[in-house]
$ cat target26.tsv   # TSV, C-alpha atoms
chain	number	residue	atom	x	y	z
A	1	MET	CA	-68.40	-19.17	-27.77
A	2	THR	CA	-64.97	-19.96	-26.36
A	3	THR	CA	-63.01	-19.24	-23.24
A	4	HIS	CA	-59.45	-18.01	-23.38
A	5	GLY	CA	-56.95	-18.61	-20.61
A	6	PRO	CA	-54.02	-16.36	-19.81
A	7	ALA	CA	-51.74	-18.30	-22.18
A	8	GLY	CA	-54.23	-17.91	-25.03
A	9	GLU	CA	-55.45	-21.51	-25.11
A	10	VAL	CA	-59.01	-21.91	-26.30
A	11	LEU	CA	-61.56	-24.22	-24.74
A	12	GLU	CA	-64.99	-24.53	-26.29
A	13	LEU	CA	-67.67	-23.28	-23.91
A	14	GLU	CA	-70.01	-26.01	-25.17
A	15	LEU	CA	-67.50	-28.64	-23.97
A	16	ILE	CA	-67.23	-26.98	-20.57
A	17	GLU	CA	-71.03	-26.80	-20.21
A	18	ARG	CA	-71.52	-30.49	-21.12
A	19	ALA	CA	-68.63	-31.87	-19.11
A	20	GLY	CA	-68.38	-32.27	-15.39
A	21	PHE	CA	-65.55	-30.63	-13.50
A	22	SER	CA	-63.36	-33.74	-13.63
A	23	ARG	CA	-63.77	-34.02	-17.40
A	24	THR	CA	-62.94	-30.33	-17.72
A	25	LEU	CA	-59.74	-30.92	-15.73
A	26	SER	CA	-58.79	-33.79	-18.04
A	27	GLU	CA	-59.51	-31.72	-21.15
A	28	ALA	CA	-57.42	-28.83	-19.80
A	29	ALA	CA	-54.52	-31.21	-19.08
A	30	MET	CA	-54.81	-32.67	-22.57
A	31	HIS	CA	-54.81	-29.20	-24.17
A	32	ALA	CA	-51.69	-28.35	-22.14
A	33	ASP	CA	-50.07	-31.61	-23.34
A	34	LEU	CA	-49.30	-32.57	-19.73
A	35	ASP	CA	-50.00	-35.78	-17.87
A	36	HIS	CA	-51.23	-35.93	-14.28
A	37	TYR	CA	-47.73	-36.56	-12.91
A	38	GLN	CA	-46.27	-33.52	-14.66
A	39	ILE	CA	-49.07	-31.32	-13.37
A	40	ALA	CA	-48.68	-32.70	-9.83
A	41	ASP	CA	-44.95	-31.95	-9.89
A	42	ARG	CA	-45.56	-28.39	-11.06
A	43	ILE	CA	-48.23	-27.60	-8.45
A	44	HIS	CA	-46.34	-29.44	-5.70
A	45	ILE	CA	-48.82	-32.13	-4.71
A	46	SER	CA	-48.35	-35.89	-4.56
A	47	HIS	CA	-49.02	-37.99	-7.64
A	48	GLY	CA	-51.58	-40.02	-5.68
A	49	TYR	CA	-53.55	-36.97	-4.59
A	50	MET	CA	-53.41	-35.58	-8.12
A	51	ALA	CA	-54.92	-38.80	-9.46
A	52	LYS	CA	-57.70	-38.55	-6.86
A	53	PHE	CA	-58.25	-34.89	-7.68
A	54	MET	CA	-58.57	-35.64	-11.39
A	55	ARG	CA	-60.94	-38.56	-10.75
A	56	GLY	CA	-63.34	-37.08	-8.26
A	57	VAL	CA	-61.97	-35.05	-5.37
A	58	GLY	CA	-61.81	-32.06	-7.71
A	59	GLU	CA	-65.44	-32.57	-8.67
A	60	GLN	CA	-66.44	-32.74	-5.00
A	61	TRP	CA	-64.44	-29.59	-4.26
A	62	ALA	CA	-66.14	-27.71	-7.12
A	63	LYS	CA	-69.62	-28.87	-6.05
A	64	ARG	CA	-68.93	-27.78	-2.46
A	65	LEU	CA	-67.80	-24.37	-3.64
A	66	ILE	CA	-70.95	-24.02	-5.76
A	67	ALA	CA	-73.11	-25.10	-2.82
A	68	PHE	CA	-71.33	-22.55	-0.62
A	69	MET	CA	-72.02	-19.78	-3.13
A	70	ARG	CA	-75.68	-20.77	-3.40
A	71	VAL	CA	-76.16	-20.93	0.38
A	72	THR	CA	-74.45	-17.57	0.92
A	73	ASN	CA	-76.01	-16.10	-2.23
A	74	SER	CA	-72.55	-14.76	-3.09
A	75	ILE	CA	-70.32	-15.28	-6.11
A	76	ALA	CA	-67.38	-13.61	-4.37
A	77	PRO	CA	-65.31	-16.85	-4.40
A	78	LEU	CA	-65.93	-17.22	-8.14
A	79	VAL	CA	-65.00	-13.60	-8.78
A	80	TRP	CA	-61.80	-14.09	-6.77
A	81	LEU	CA	-60.90	-17.22	-8.76
A	82	ALA	CA	-61.58	-15.43	-12.04
A	83	ASP	CA	-59.51	-12.44	-10.94
A	84	GLN	CA	-56.59	-14.74	-10.08
A	85	MET	CA	-56.68	-15.97	-13.69
A	86	GLY	CA	-57.06	-12.49	-15.20
A	87	CYS	CA	-60.69	-13.08	-16.15
A	88	ASP	CA	-64.00	-11.39	-15.49
A	89	VAL	CA	-67.27	-13.02	-14.45
A	90	THR	CA	-70.41	-12.35	-16.45
A	91	VAL	CA	-73.62	-13.07	-14.59
A	92	ARG	CA	-76.31	-14.45	-16.83
A	93	HIS	CA	-79.98	-13.76	-16.39
A	94	LYS	CA	-81.25	-15.33	-13.15
A	95	ILE	CA	-83.62	-17.68	-14.98
A	96	SER	CA	-80.70	-19.00	-17.05
A	97	ALA	CA	-78.71	-19.66	-13.89
A	98	GLU	CA	-81.66	-21.41	-12.24
A	99	LEU	CA	-82.22	-23.52	-15.36
A	100	ALA	CA	-78.53	-24.46	-15.44
A	101	ALA	CA	-78.69	-25.44	-11.76
A	102	ALA	CA	-81.80	-27.57	-12.38
A	103	ARG	CA	-80.14	-29.29	-15.36
A	104	ALA	CA	-77.05	-29.99	-13.24
A	105	LYS	CA	-79.22	-31.51	-10.51
A	106	VAL	CA	-81.03	-33.75	-13.02
A	107	ALA	CA	-77.69	-34.87	-14.50
A	108	GLU	CA	-76.37	-35.63	-11.03
A	109	LEU	CA	-79.45	-37.67	-10.15
A	110	GLU	CA	-79.28	-39.55	-13.46
A	111	GLN	CA	-75.62	-40.33	-12.87
A	112	ARG	CA	-76.29	-41.48	-9.32
A	113	HIS	CA	-79.47	-43.49	-9.97
A	114	GLY	CA	-79.36	-44.31	-13.65
A	115	ARG	CA	-81.41	-42.72	-16.38
A	116	LEU	CA	-84.64	-41.49	-14.75
A	117	LEU	CA	-86.43	-40.25	-17.82
A	118	ALA	CA	-87.11	-42.20	-20.98

$ encode --input "target26.tsv" --output "structure tokens"
Amino acid sequence: MTTHGPAGEVLELELIERAGFSRTLSEAAMHADLDHYQIADRIHISHGYMAKFMRGVGEQWAKRLIAFMRVTNSIAPLVWLADQMGCDVTVRHKISAELAAARAKVAELEQRHGRLLA
């Protein structure tokens, strides 16, 4: 399965599912054949902040948005983001979403504390 952006670029869903948000940002930049400075200039932010965003601030922002949606039990922010990009949101079966959340939590713990399971 693939995702298509408004310009027709194709990103493999498997890559998106395996990568963290920061890696997804880097892959999107690479597919656009733009470096961080070019992107920063086009979206009118400083080069320094763009570097931080690509390295981790973006990941923190995404995790906070996900936490917000879980706490409020609302995907309205996600639907708004998708609408801004001309996309629709498909909600998977609840068990699939819970399993994805559990896998994400395990990956986060492994990253933070080293490999927990043999």

$ axis_aligned_box --input "target26.tsv" --around "stretch 30-39 of chain A" --padding-each-side "5 Å" --output "lines of an AutoDock Vina configuration file"
center_x = -50.5
center_y = -32.5
center_z = -18.5
size_x = 18.5
size_y = 18.2
size_z = 21.3

$ closest_residue --input "target26.tsv" --among "A:Asp33, A:Glu27, A:Asp83, A:Glu110" --to "A:Met54" --atoms "only C-alpha atoms"
A:Glu27

$ closest_residue --input "target26.tsv" --among "A:Phe53, A:Phe68, A:Trp80, A:Tyr37" --to "A:Ser22" --atoms "only C-alpha atoms"
A:Phe53

$ atom_distance --input "target26.tsv" --atom1 "atom CA of A:Asp41" --atom2 "atom CA of A:Thr24"
19.7 Å

$ atom_distance --input "target26.tsv" --atom1 "atom CA of A:Leu65" --atom2 "atom CA of A:Ala19"
17.2 Å

$ atom_distance --input "target26.tsv" --atom1 "atom CA of A:Gln60" --atom2 "atom CA of A:Met85"
21.3 Å

$ residues_around --input "target26.tsv" --residues "A:Lys52" --least-positions-apart "6" --cutoff "12 Å" --atoms "all atoms listed in the file" --output "list in words"
Ser22, Leu25, His36, Tyr37, Ala40, Ile45, Ser46, Gly58, Glu59, Gln60 and Trp61 of chain A

$ closest_residue --input "target26.tsv" --among "A:Ala28, A:Val89, A:Ala100, A:Ile43" --to "A:Pro77" --atoms "all atoms listed in the file"
A:Val89

$ closest_residue --input "target26.tsv" --among "A:Asn73, A:Glu108, A:Ile39, A:Phe21" --to "A:Val57" --atoms "only C-alpha atoms"
A:Phe21

$ closest_residue --input "target26.tsv" --among "A:Ile66, A:Ala51, A:Ile75, A:Ala29" --to "A:Ala104" --atoms "all atoms listed in the file"
A:Ile66

$ build_atoms --input "target26.tsv" --residues "stretch 75-86 of chain A" --atoms "all heavy atoms" --output "PDB file, in the coordinates of the input"
ATOM      1  N   ILE A  75     -71.268 -14.729  -5.137  1.00  0.00           N
ATOM      2  CA  ILE A  75     -70.320 -15.280  -6.110  1.00  0.00           C
ATOM      3  C   ILE A  75     -68.918 -14.735  -5.864  1.00  0.00           C
ATOM      4  O   ILE A  75     -68.040 -14.868  -6.712  1.00  0.00           O
ATOM      5  CB  ILE A  75     -70.768 -15.031  -7.558  1.00  0.00           C
ATOM      6  CG1 ILE A  75     -70.856 -13.530  -7.864  1.00  0.00           C
ATOM      7  CG2 ILE A  75     -72.065 -15.758  -7.868  1.00  0.00           C
ATOM      8  CD1 ILE A  75     -71.025 -13.220  -9.351  1.00  0.00           C
ATOM      9  N   ALA A  76     -68.693 -14.167  -4.681  1.00  0.00           N
ATOM     10  CA  ALA A  76     -67.380 -13.610  -4.370  1.00  0.00           C
ATOM     11  C   ALA A  76     -66.241 -14.619  -4.573  1.00  0.00           C
ATOM     12  O   ALA A  76     -65.212 -14.266  -5.151  1.00  0.00           O
ATOM     13  CB  ALA A  76     -67.359 -13.049  -2.946  1.00  0.00           C
ATOM     14  N   PRO A  77     -66.395 -15.893  -4.140  1.00  0.00           N
ATOM     15  CA  PRO A  77     -65.310 -16.850  -4.400  1.00  0.00           C
ATOM     16  C   PRO A  77     -65.041 -17.046  -5.898  1.00  0.00           C
ATOM     17  O   PRO A  77     -63.886 -17.141  -6.322  1.00  0.00           O
ATOM     18  CB  PRO A  77     -65.795 -18.147  -3.763  1.00  0.00           C
ATOM     19  CG  PRO A  77     -66.774 -17.705  -2.720  1.00  0.00           C
ATOM     20  CD  PRO A  77     -67.445 -16.493  -3.311  1.00  0.00           C
ATOM     21  N   LEU A  78     -66.082 -17.074  -6.696  1.00  0.00           N
ATOM     22  CA  LEU A  78     -65.930 -17.220  -8.140  1.00  0.00           C
ATOM     23  C   LEU A  78     -65.243 -16.004  -8.739  1.00  0.00           C
ATOM     24  O   LEU A  78     -64.352 -16.128  -9.586  1.00  0.00           O
ATOM     25  CB  LEU A  78     -67.298 -17.424  -8.795  1.00  0.00           C
ATOM     26  CG  LEU A  78     -67.309 -17.564 -10.308  1.00  0.00           C
ATOM     27  CD1 LEU A  78     -66.518 -18.797 -10.743  1.00  0.00           C
ATOM     28  CD2 LEU A  78     -68.742 -17.636 -10.803  1.00  0.00           C
ATOM     29  N   VAL A  79     -65.625 -14.834  -8.293  1.00  0.00           N
ATOM     30  CA  VAL A  79     -65.000 -13.600  -8.780  1.00  0.00           C
ATOM     31  C   VAL A  79     -63.520 -13.586  -8.406  1.00  0.00           C
ATOM     32  O   VAL A  79     -62.669 -13.216  -9.217  1.00  0.00           O
ATOM     33  CB  VAL A  79     -65.730 -12.357  -8.230  1.00  0.00           C
ATOM     34  CG1 VAL A  79     -64.982 -11.082  -8.559  1.00  0.00           C
ATOM     35  CG2 VAL A  79     -67.162 -12.308  -8.783  1.00  0.00           C
ATOM     36  N   TRP A  80     -63.196 -14.037  -7.182  1.00  0.00           N
ATOM     37  CA  TRP A  80     -61.800 -14.090  -6.770  1.00  0.00           C
ATOM     38  C   TRP A  80     -61.000 -15.051  -7.652  1.00  0.00           C
ATOM     39  O   TRP A  80     -59.903 -14.724  -8.107  1.00  0.00           O
ATOM     40  CB  TRP A  80     -61.696 -14.509  -5.294  1.00  0.00           C
ATOM     41  CG  TRP A  80     -60.286 -14.520  -4.805  1.00  0.00           C
ATOM     42  CD1 TRP A  80     -59.574 -13.457  -4.317  1.00  0.00           C
ATOM     43  CD2 TRP A  80     -59.392 -15.631  -4.775  1.00  0.00           C
ATOM     44  NE1 TRP A  80     -58.297 -13.856  -3.975  1.00  0.00           N
ATOM     45  CE2 TRP A  80     -58.159 -15.188  -4.255  1.00  0.00           C
ATOM     46  CE3 TRP A  80     -59.520 -16.971  -5.142  1.00  0.00           C
ATOM     47  CZ2 TRP A  80     -57.068 -16.029  -4.089  1.00  0.00           C
ATOM     48  CZ3 TRP A  80     -58.418 -17.808  -4.972  1.00  0.00           C
ATOM     49  CH2 TRP A  80     -57.218 -17.331  -4.450  1.00  0.00           C
ATOM     50  N   LEU A  81     -61.570 -16.251  -7.891  1.00  0.00           N
ATOM     51  CA  LEU A  81     -60.900 -17.220  -8.760  1.00  0.00           C
ATOM     52  C   LEU A  81     -60.668 -16.639 -10.157  1.00  0.00           C
ATOM     53  O   LEU A  81     -59.573 -16.758 -10.723  1.00  0.00           O
ATOM     54  CB  LEU A  81     -61.718 -18.510  -8.872  1.00  0.00           C
ATOM     55  CG  LEU A  81     -61.736 -19.414  -7.646  1.00  0.00           C
ATOM     56  CD1 LEU A  81     -62.807 -20.491  -7.804  1.00  0.00           C
ATOM     57  CD2 LEU A  81     -60.374 -20.045  -7.427  1.00  0.00           C
ATOM     58  N   ALA A  82     -61.702 -16.024 -10.710  1.00  0.00           N
ATOM     59  CA  ALA A  82     -61.580 -15.430 -12.040  1.00  0.00           C
ATOM     60  C   ALA A  82     -60.512 -14.346 -12.049  1.00  0.00           C
ATOM     61  O   ALA A  82     -59.691 -14.277 -12.972  1.00  0.00           O
ATOM     62  CB  ALA A  82     -62.932 -14.864 -12.488  1.00  0.00           C
ATOM     63  N   ASP A  83     -60.498 -13.516 -11.019  1.00  0.00           N
ATOM     64  CA  ASP A  83     -59.510 -12.440 -10.940  1.00  0.00           C
ATOM     65  C   ASP A  83     -58.089 -13.010 -10.885  1.00  0.00           C
ATOM     66  O   ASP A  83     -57.180 -12.469 -11.513  1.00  0.00           O
ATOM     67  CB  ASP A  83     -59.780 -11.568  -9.714  1.00  0.00           C
ATOM     68  CG  ASP A  83     -58.807 -10.409  -9.625  1.00  0.00           C
ATOM     69  OD1 ASP A  83     -58.837  -9.535 -10.514  1.00  0.00           O
ATOM     70  OD2 ASP A  83     -57.995 -10.401  -8.674  1.00  0.00           O
ATOM     71  N   GLN A  84     -57.906 -14.107 -10.171  1.00  0.00           N
ATOM     72  CA  GLN A  84     -56.590 -14.740 -10.080  1.00  0.00           C
ATOM     73  C   GLN A  84     -56.094 -15.207 -11.449  1.00  0.00           C
ATOM     74  O   GLN A  84     -54.897 -15.289 -11.694  1.00  0.00           O
ATOM     75  CB  GLN A  84     -56.616 -15.925  -9.114  1.00  0.00           C
ATOM     76  CG  GLN A  84     -56.917 -15.537  -7.681  1.00  0.00           C
ATOM     77  CD  GLN A  84     -55.911 -14.549  -7.130  1.00  0.00           C
ATOM     78  OE1 GLN A  84     -54.716 -14.821  -7.088  1.00  0.00           O
ATOM     79  NE2 GLN A  84     -56.378 -13.389  -6.704  1.00  0.00           N
ATOM     80  N   MET A  85     -57.026 -15.504 -12.344  1.00  0.00           N
ATOM     81  CA  MET A  85     -56.680 -15.970 -13.690  1.00  0.00           C
ATOM     82  C   MET A  85     -56.749 -14.847 -14.722  1.00  0.00           C
ATOM     83  O   MET A  85     -56.600 -15.085 -15.910  1.00  0.00           O
ATOM     84  CB  MET A  85     -57.612 -17.114 -14.102  1.00  0.00           C
ATOM     85  CG  MET A  85     -57.440 -18.362 -13.253  1.00  0.00           C
ATOM     86  SD  MET A  85     -55.740 -18.987 -13.210  1.00  0.00           S
ATOM     87  CE  MET A  85     -55.442 -19.348 -14.917  1.00  0.00           C
ATOM     88  N   GLY A  86     -56.990 -13.622 -14.268  1.00  0.00           N
ATOM     89  CA  GLY A  86     -57.060 -12.490 -15.200  1.00  0.00           C
ATOM     90  C   GLY A  86     -58.334 -12.471 -16.014  1.00  0.00           C
ATOM     91  O   GLY A  86     -58.355 -11.978 -17.139  1.00  0.00           O
TER      92      GLY A  86
END
